[in-house]
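Here's the structure we're looking at; comments come further down.
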Amino acid sequence: MDASPALNAPDKAAPERVGRNGRRLIYRHPLVIRLTHWINAAVLLVLLMSGLQIFNAHPALYWGSVSTFDTPALAITSEETGGSNRGVVYLGDRKFDTTGVLGLSKDNGIETDRAFPSWVTLPATQDLATGRRWHFLFAWFLVINGAIYLIYGLFSGQLRRRLIPEGDQIRDFGGSVKEHLLLKFPEGEEAKRYNVIQKLTYLGVVLILLPAMVLAGLAMSPGVDAAWPWLPELFGGRQSARTVHFIAAGLLVLFVVVHLALVLVSGVVNNLRGMITGWFSIGKVRPAGEEAR
């Protein structure tokens, strides 16, 4: 456990020190938060790659309880057009040419029908059984790691302080949106806490998106369905649960892409230091008589 006095301190009261470069550093991320963050990143990567391996075994999605093979909501496949094969994606009645990306891959120069290419699946070769083993094992890691994060966050107060927007932040929601669009990031006292967009996004991921993905995954299990028949019905059927699971995974990928982009533009060194050591820079030390920048 982290013995730092910041363990249960509000963001605005977090311990500070001055770095060698004359910048103010606050202890922003306790040890448990940092560990669960990095474990979660690794676990989600394995789950994504093994999940795409599983999806490749039947690259189509449906709504309802059964597979309506003639009318999928989404299908990734290949077709012969003008004497050559083309990768295509069907979204309802619409068709999109995706050759070179989805539906058709080349393995050692040989064209292969694959929804997702081998470099994004685990294992790389088409192996449903092994993909399922990886997926189910790391799904347990995700649940256990998530439970540790939630229990720690609730009992330490970190969850409330990190994820629940304060009144002044909600009132200035438009200003926060404008700052993000202009890539302006706060320093000084305001940088001691997440902004309202961060809080609402993280709240949605932690309390809505991840639980929905886990529950939808459980709803696809025949054993779980037999024990809890209400679970697949919650999603409108097993096939709907599979579709929700896929959509939730896609939204998580989108979240990670945006998250990494913001890490880069807001200061990759500072953000990485914060999530590795706990110490995060909030700007230069304020000279006497001057406002902090």
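Labels for the structure tokens follow display order: chains A, B, ..., residues from 1 in each chain, ligands from 1.
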Quick one: residues within 12 Å of Met275 (chain A), only C-alpha atoms, excluding same-chain residues fewer than 6 positions away - as a PDB file with N, CA, C and O atoms, in the first residue's frame?
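Saved the output as out_28.pdb:
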ATOM      1  N   TYR A  27       1.411  15.472  -5.513  1.00  0.00           N
ATOM      2  CA  TYR A  27       1.295  14.015  -5.504  1.00  0.00           C
ATOM      3  C   TYR A  27      -0.132  13.675  -5.927  1.00  0.00           C
ATOM      4  O   TYR A  27      -1.062  13.685  -5.118  1.00  0.00           O
ATOM      5  N   ARG A  28      -0.299  13.390  -7.218  1.00  0.00           N
ATOM      6  CA  ARG A  28      -1.637  13.290  -7.807  1.00  0.00           C
ATOM      7  C   ARG A  28      -2.190  11.875  -7.825  1.00  0.00           C
ATOM      8  O   ARG A  28      -3.395  11.681  -7.687  1.00  0.00           O
ATOM      9  N   HIS A  29      -1.328  10.878  -8.021  1.00  0.00           N
ATOM     10  CA  HIS A  29      -1.808   9.507  -8.215  1.00  0.00           C
ATOM     11  C   HIS A  29      -1.223   8.562  -7.167  1.00  0.00           C
ATOM     12  O   HIS A  29      -0.042   8.210  -7.233  1.00  0.00           O
ATOM     13  N   PRO A  30      -2.019   8.123  -6.175  1.00  0.00           N
ATOM     14  CA  PRO A  30      -1.545   7.134  -5.202  1.00  0.00           C
ATOM     15  C   PRO A  30      -1.157   5.823  -5.879  1.00  0.00           C
ATOM     16  O   PRO A  30      -1.543   5.540  -7.017  1.00  0.00           O
ATOM     17  N   LEU A  31      -0.396   5.013  -5.164  1.00  0.00           N
ATOM     18  CA  LEU A  31       0.173   3.790  -5.727  1.00  0.00           C
ATOM     19  C   LEU A  31      -0.887   2.849  -6.281  1.00  0.00           C
ATOM     20  O   LEU A  31      -0.724   2.291  -7.370  1.00  0.00           O
ATOM     21  N   VAL A  32      -1.983   2.651  -5.561  1.00  0.00           N
ATOM     22  CA  VAL A  32      -3.020   1.723  -6.024  1.00  0.00           C
ATOM     23  C   VAL A  32      -3.617   2.190  -7.347  1.00  0.00           C
ATOM     24  O   VAL A  32      -3.862   1.379  -8.249  1.00  0.00           O
ATOM     25  N   ILE A  33      -3.837   3.486  -7.462  1.00  0.00           N
ATOM     26  CA  ILE A  33      -4.377   4.036  -8.716  1.00  0.00           C
ATOM     27  C   ILE A  33      -3.418   3.778  -9.859  1.00  0.00           C
ATOM     28  O   ILE A  33      -3.823   3.376 -10.966  1.00  0.00           O
ATOM     29  N   ARG A  34      -2.129   3.985  -9.614  1.00  0.00           N
ATOM     30  CA  ARG A  34      -1.135   3.801 -10.674  1.00  0.00           C
ATOM     31  C   ARG A  34      -1.043   2.333 -11.092  1.00  0.00           C
ATOM     32  O   ARG A  34      -0.998   2.013 -12.289  1.00  0.00           O
ATOM     33  N   LEU A  35      -1.001   1.436 -10.125  1.00  0.00           N
ATOM     34  CA  LEU A  35      -0.882   0.012 -10.447  1.00  0.00           C
ATOM     35  C   LEU A  35      -2.100  -0.480 -11.224  1.00  0.00           C
ATOM     36  O   LEU A  35      -1.960  -1.182 -12.239  1.00  0.00           O
ATOM     37  N   THR A  36      -3.290  -0.140 -10.759  1.00  0.00           N
ATOM     38  CA  THR A  36      -4.498  -0.617 -11.448  1.00  0.00           C
ATOM     39  C   THR A  36      -4.606  -0.012 -12.845  1.00  0.00           C
ATOM     40  O   THR A  36      -5.128  -0.648 -13.765  1.00  0.00           O
ATOM     41  N   HIS A  37      -4.109   1.218 -13.011  1.00  0.00           N
ATOM     42  CA  HIS A  37      -4.123   1.855 -14.337  1.00  0.00           C
ATOM     43  C   HIS A  37      -3.283   1.065 -15.327  1.00  0.00           C
ATOM     44  O   HIS A  37      -3.733   0.735 -16.433  1.00  0.00           O
ATOM     45  N   TRP A  38      -2.036   0.744 -14.969  1.00  0.00           N
ATOM     46  CA  TRP A  38      -1.144   0.047 -15.894  1.00  0.00           C
ATOM     47  C   TRP A  38      -1.572  -1.403 -16.106  1.00  0.00           C
ATOM     48  O   TRP A  38      -1.474  -1.930 -17.226  1.00  0.00           O
ATOM     49  N   VAL A 263      -2.864  13.022 -23.900  1.00  0.00           N
ATOM     50  CA  VAL A 263      -1.627  12.858 -23.137  1.00  0.00           C
ATOM     51  C   VAL A 263      -0.459  13.466 -23.907  1.00  0.00           C
ATOM     52  O   VAL A 263       0.399  14.155 -23.338  1.00  0.00           O
ATOM     53  N   VAL A 268       3.527  14.823 -22.598  1.00  0.00           N
ATOM     54  CA  VAL A 268       3.688  13.386 -22.402  1.00  0.00           C
ATOM     55  C   VAL A 268       4.608  13.080 -21.226  1.00  0.00           C
ATOM     56  O   VAL A 268       4.363  12.147 -20.456  1.00  0.00           O
ATOM     57  N   VAL A 269       5.688  13.860 -21.061  1.00  0.00           N
ATOM     58  CA  VAL A 269       6.631  13.597 -19.974  1.00  0.00           C
ATOM     59  C   VAL A 269       5.963  13.804 -18.618  1.00  0.00           C
ATOM     60  O   VAL A 269       6.081  12.972 -17.709  1.00  0.00           O
ATOM     61  N   SER A 281       3.312  17.842 -12.456  1.00  0.00           N
ATOM     62  CA  SER A 281       3.615  19.267 -12.461  1.00  0.00           C
ATOM     63  C   SER A 281       2.377  20.092 -12.766  1.00  0.00           C
ATOM     64  O   SER A 281       1.626  19.793 -13.697  1.00  0.00           O
TER      65      SER A 281
END
Find the spatial neighbours of region 233-242 of chain A, counting only C-alpha atoms, within a cut-off of 7 Å - ignore same-chain residues fewer than 6 positions away - and output them as an NGL selection string.
:A and (62-67 or 216-217 or 219-220)
Region 49-281 of chain A: which residues are helix (DSSP H, G or I) by DSSP, as JSON, numbers by chain?
{"A": [49, 50, 51, 52, 53, 54, 55, 56, 57, 118, 119, 120, 128, 129, 130, 131, 132, 133, 134, 135, 136, 137, 138, 139, 140, 141, 142, 143, 144, 145, 146, 147, 148, 149, 150, 151, 152, 153, 154, 155, 156, 158, 159, 160, 161, 162, 163, 167, 168, 169, 170, 171, 173, 174, 175, 176, 177, 178, 179, 180, 181, 188, 189, 190, 191, 192, 196, 197, 198, 199, 200, 201, 202, 203, 204, 205, 206, 207, 208, 209, 210, 211, 212, 213, 214, 215, 216, 217, 218, 219, 222, 223, 224, 225, 226, 227, 230, 231, 232, 233, 234, 235, 238, 239, 240, 241, 242, 243, 244, 245, 246, 247, 248, 249, 250, 251, 252, 253, 254, 255, 256, 257, 258, 259, 260, 261, 262, 263, 264, 265, 266, 267, 268, 269, 270, 271, 272, 273, 274, 275, 276, 277]}
Which residues are near Pro211 (chain A)? Cut-off 12 Å, only C-alpha atoms, ignore same chain within fewer than 4 positions. Put them as a PyMOL selection string.
chain A and resi 139+142-143+146-147+150+203-207+215-218+244-245+248-249+252
Export of prior selection with N, CA, C and O atoms as a PDB file, in the first residue's frame:
ATOM      1  N   ALA A 139     -10.239 -11.750 -18.901  1.00  0.00           N
ATOM      2  CA  ALA A 139     -11.497 -11.165 -18.437  1.00  0.00           C
ATOM      3  C   ALA A 139     -11.565 -11.212 -16.913  1.00  0.00           C
ATOM      4  O   ALA A 139     -12.040 -10.277 -16.261  1.00  0.00           O
ATOM      5  N   LEU A 142      -9.420  -8.503 -15.576  1.00  0.00           N
ATOM      6  CA  LEU A 142     -10.104  -7.216 -15.683  1.00  0.00           C
ATOM      7  C   LEU A 142     -11.078  -7.022 -14.525  1.00  0.00           C
ATOM      8  O   LEU A 142     -11.122  -5.948 -13.906  1.00  0.00           O
ATOM      9  N   VAL A 143     -11.851  -8.043 -14.222  1.00  0.00           N
ATOM     10  CA  VAL A 143     -12.849  -7.951 -13.152  1.00  0.00           C
ATOM     11  C   VAL A 143     -12.169  -7.762 -11.798  1.00  0.00           C
ATOM     12  O   VAL A 143     -12.575  -6.913 -10.993  1.00  0.00           O
ATOM     13  N   GLY A 146     -10.514  -4.336 -11.655  1.00  0.00           N
ATOM     14  CA  GLY A 146     -11.555  -3.318 -11.537  1.00  0.00           C
ATOM     15  C   GLY A 146     -12.165  -3.277 -10.153  1.00  0.00           C
ATOM     16  O   GLY A 146     -12.464  -2.196  -9.626  1.00  0.00           O
ATOM     17  N   ALA A 147     -12.358  -4.463  -9.550  1.00  0.00           N
ATOM     18  CA  ALA A 147     -12.918  -4.517  -8.197  1.00  0.00           C
ATOM     19  C   ALA A 147     -11.974  -3.864  -7.191  1.00  0.00           C
ATOM     20  O   ALA A 147     -12.410  -3.142  -6.292  1.00  0.00           O
ATOM     21  N   LEU A 150     -12.280  -0.071  -7.627  1.00  0.00           N
ATOM     22  CA  LEU A 150     -13.529   0.467  -7.098  1.00  0.00           C
ATOM     23  C   LEU A 150     -13.558   0.430  -5.574  1.00  0.00           C
ATOM     24  O   LEU A 150     -13.965   1.405  -4.927  1.00  0.00           O
ATOM     25  N   LEU A 203     -16.023   8.768 -15.476  1.00  0.00           N
ATOM     26  CA  LEU A 203     -17.185   8.233 -14.770  1.00  0.00           C
ATOM     27  C   LEU A 203     -17.978   7.303 -15.678  1.00  0.00           C
ATOM     28  O   LEU A 203     -18.401   6.217 -15.262  1.00  0.00           O
ATOM     29  N   GLY A 204     -18.168   7.720 -16.931  1.00  0.00           N
ATOM     30  CA  GLY A 204     -18.895   6.883 -17.875  1.00  0.00           C
ATOM     31  C   GLY A 204     -18.180   5.580 -18.186  1.00  0.00           C
ATOM     32  O   GLY A 204     -18.809   4.522 -18.287  1.00  0.00           O
ATOM     33  N   VAL A 205     -16.848   5.650 -18.322  1.00  0.00           N
ATOM     34  CA  VAL A 205     -16.076   4.449 -18.625  1.00  0.00           C
ATOM     35  C   VAL A 205     -16.090   3.476 -17.458  1.00  0.00           C
ATOM     36  O   VAL A 205     -16.340   2.274 -17.616  1.00  0.00           O
ATOM     37  N   VAL A 206     -15.839   3.995 -16.247  1.00  0.00           N
ATOM     38  CA  VAL A 206     -15.700   3.136 -15.064  1.00  0.00           C
ATOM     39  C   VAL A 206     -17.037   2.557 -14.605  1.00  0.00           C
ATOM     40  O   VAL A 206     -17.114   1.380 -14.241  1.00  0.00           O
ATOM     41  N   LEU A 207     -18.083   3.368 -14.634  1.00  0.00           N
ATOM     42  CA  LEU A 207     -19.352   2.940 -14.055  1.00  0.00           C
ATOM     43  C   LEU A 207     -20.402   2.492 -15.071  1.00  0.00           C
ATOM     44  O   LEU A 207     -21.412   1.909 -14.677  1.00  0.00           O
ATOM     45  N   LEU A 215     -20.956  -7.434 -18.455  1.00  0.00           N
ATOM     46  CA  LEU A 215     -22.264  -8.085 -18.369  1.00  0.00           C
ATOM     47  C   LEU A 215     -22.680  -8.658 -19.724  1.00  0.00           C
ATOM     48  O   LEU A 215     -23.238  -9.761 -19.792  1.00  0.00           O
ATOM     49  N   ALA A 216     -22.413  -7.920 -20.800  1.00  0.00           N
ATOM     50  CA  ALA A 216     -22.745  -8.429 -22.135  1.00  0.00           C
ATOM     51  C   ALA A 216     -21.909  -9.655 -22.457  1.00  0.00           C
ATOM     52  O   ALA A 216     -22.403 -10.605 -23.089  1.00  0.00           O
ATOM     53  N   GLY A 217     -20.651  -9.668 -22.027  1.00  0.00           N
ATOM     54  CA  GLY A 217     -19.817 -10.842 -22.229  1.00  0.00           C
ATOM     55  C   GLY A 217     -20.355 -12.046 -21.477  1.00  0.00           C
ATOM     56  O   GLY A 217     -20.398 -13.167 -22.008  1.00  0.00           O
ATOM     57  N   LEU A 218     -20.789 -11.833 -20.241  1.00  0.00           N
ATOM     58  CA  LEU A 218     -21.365 -12.931 -19.450  1.00  0.00           C
ATOM     59  C   LEU A 218     -22.660 -13.443 -20.089  1.00  0.00           C
ATOM     60  O   LEU A 218     -22.948 -14.641 -20.043  1.00  0.00           O
ATOM     61  N   VAL A 244     -23.654  -5.613 -28.358  1.00  0.00           N
ATOM     62  CA  VAL A 244     -23.357  -4.604 -27.343  1.00  0.00           C
ATOM     63  C   VAL A 244     -21.915  -4.750 -26.857  1.00  0.00           C
ATOM     64  O   VAL A 244     -21.210  -3.752 -26.659  1.00  0.00           O
ATOM     65  N   HIS A 245     -21.481  -5.983 -26.676  1.00  0.00           N
ATOM     66  CA  HIS A 245     -20.105  -6.257 -26.246  1.00  0.00           C
ATOM     67  C   HIS A 245     -19.109  -5.688 -27.265  1.00  0.00           C
ATOM     68  O   HIS A 245     -18.112  -5.047 -26.894  1.00  0.00           O
ATOM     69  N   ALA A 248     -19.256  -1.798 -27.190  1.00  0.00           N
ATOM     70  CA  ALA A 248     -18.580  -1.287 -25.992  1.00  0.00           C
ATOM     71  C   ALA A 248     -17.070  -1.359 -26.155  1.00  0.00           C
ATOM     72  O   ALA A 248     -16.344  -0.428 -25.765  1.00  0.00           O
ATOM     73  N   ALA A 249     -16.585  -2.455 -26.735  1.00  0.00           N
ATOM     74  CA  ALA A 249     -15.142  -2.576 -26.978  1.00  0.00           C
ATOM     75  C   ALA A 249     -14.668  -1.495 -27.940  1.00  0.00           C
ATOM     76  O   ALA A 249     -13.597  -0.896 -27.752  1.00  0.00           O
ATOM     77  N   LEU A 252     -14.409   1.758 -26.135  1.00  0.00           N
ATOM     78  CA  LEU A 252     -13.218   1.776 -25.289  1.00  0.00           C
ATOM     79  C   LEU A 252     -11.970   2.076 -26.105  1.00  0.00           C
ATOM     80  O   LEU A 252     -11.093   2.825 -25.658  1.00  0.00           O
TER      81      LEU A 252
END
Running DSSP on the backbone, which parts of region 90-281 of chain A land in strand (DSSP E), as a ChimeraX atom specification?
/A:90-91,94-97,103-107,110-114,279-281
Restrict the selected residues to N, CA, C and O atoms and save them as a compact mmCIF listing (two decimals), in the first residue's frame.
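Saved the output as out-v4.txt:
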# COMPACT_ATOMS: atom_id res chain seq x y z
N TYR A 90 -20.37 -4.73 -44.46
CA TYR A 90 -21.80 -4.42 -44.59
C TYR A 90 -22.29 -3.86 -43.26
O TYR A 90 -22.13 -4.48 -42.21
N LEU A 91 -22.87 -2.66 -43.30
CA LEU A 91 -23.50 -2.06 -42.14
C LEU A 91 -24.97 -1.88 -42.48
O LEU A 91 -25.35 -0.93 -43.15
N ARG A 94 -25.90 -1.04 -46.25
CA ARG A 94 -24.83 -0.28 -46.89
C ARG A 94 -23.55 -1.11 -46.95
O ARG A 94 -23.23 -1.86 -46.03
N LYS A 95 -22.83 -0.96 -48.06
CA LYS A 95 -21.58 -1.70 -48.25
C LYS A 95 -20.42 -0.73 -48.41
O LYS A 95 -20.52 0.26 -49.12
N PHE A 96 -19.29 -1.06 -47.75
CA PHE A 96 -18.11 -0.23 -47.80
C PHE A 96 -16.91 -1.09 -48.23
O PHE A 96 -16.71 -2.18 -47.71
N ASP A 97 -16.14 -0.57 -49.17
CA ASP A 97 -14.93 -1.26 -49.62
C ASP A 97 -13.83 -1.04 -48.59
O ASP A 97 -13.47 0.09 -48.29
N GLY A 103 -11.60 -7.53 -43.79
CA GLY A 103 -12.25 -8.50 -44.68
C GLY A 103 -11.32 -9.35 -45.50
O GLY A 103 -11.63 -10.50 -45.81
N LEU A 104 -10.17 -8.81 -45.88
CA LEU A 104 -9.24 -9.55 -46.74
C LEU A 104 -7.81 -9.17 -46.34
O LEU A 104 -7.45 -8.00 -46.34
N SER A 105 -7.03 -10.18 -45.98
CA SER A 105 -5.64 -9.93 -45.57
C SER A 105 -4.70 -10.78 -46.40
O SER A 105 -5.12 -11.72 -47.09
N LYS A 106 -3.43 -10.45 -46.31
CA LYS A 106 -2.40 -11.26 -46.96
C LYS A 106 -1.47 -11.83 -45.91
O LYS A 106 -0.88 -11.10 -45.12
N ASP A 107 -1.36 -13.16 -45.88
CA ASP A 107 -0.43 -13.86 -45.00
C ASP A 107 0.65 -14.49 -45.86
O ASP A 107 0.37 -15.38 -46.67
N ILE A 110 -0.19 -14.44 -49.46
CA ILE A 110 -1.38 -15.18 -49.90
C ILE A 110 -2.63 -14.52 -49.34
O ILE A 110 -2.72 -14.27 -48.13
N GLU A 111 -3.60 -14.24 -50.20
CA GLU A 111 -4.84 -13.63 -49.75
C GLU A 111 -5.62 -14.57 -48.85
O GLU A 111 -5.77 -15.75 -49.14
N THR A 112 -6.12 -14.03 -47.73
CA THR A 112 -6.85 -14.82 -46.75
C THR A 112 -8.09 -14.06 -46.32
O THR A 112 -8.02 -12.85 -46.06
N ASP A 113 -9.22 -14.76 -46.26
CA ASP A 113 -10.45 -14.14 -45.76
C ASP A 113 -10.35 -14.00 -44.24
O ASP A 113 -10.44 -14.99 -43.50
N ARG A 114 -10.16 -12.78 -43.78
CA ARG A 114 -10.08 -12.50 -42.34
C ARG A 114 -10.74 -11.15 -42.08
O ARG A 114 -10.42 -10.17 -42.75
N TRP A 279 3.89 11.94 -9.02
CA TRP A 279 4.10 13.39 -8.96
C TRP A 279 3.82 14.04 -10.31
O TRP A 279 4.34 13.63 -11.33
N PHE A 280 2.98 15.09 -10.28
CA PHE A 280 2.49 15.75 -11.49
C PHE A 280 2.75 17.25 -11.39
O PHE A 280 2.46 17.88 -10.37
N SER A 281 3.31 17.84 -12.46
CA SER A 281 3.62 19.27 -12.46
C SER A 281 2.38 20.09 -12.77
O SER A 281 1.63 19.79 -13.70
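For the pair CA of Asp127 (chain A) and CA of Val46 (chain A), the separation is 14.9 Å.
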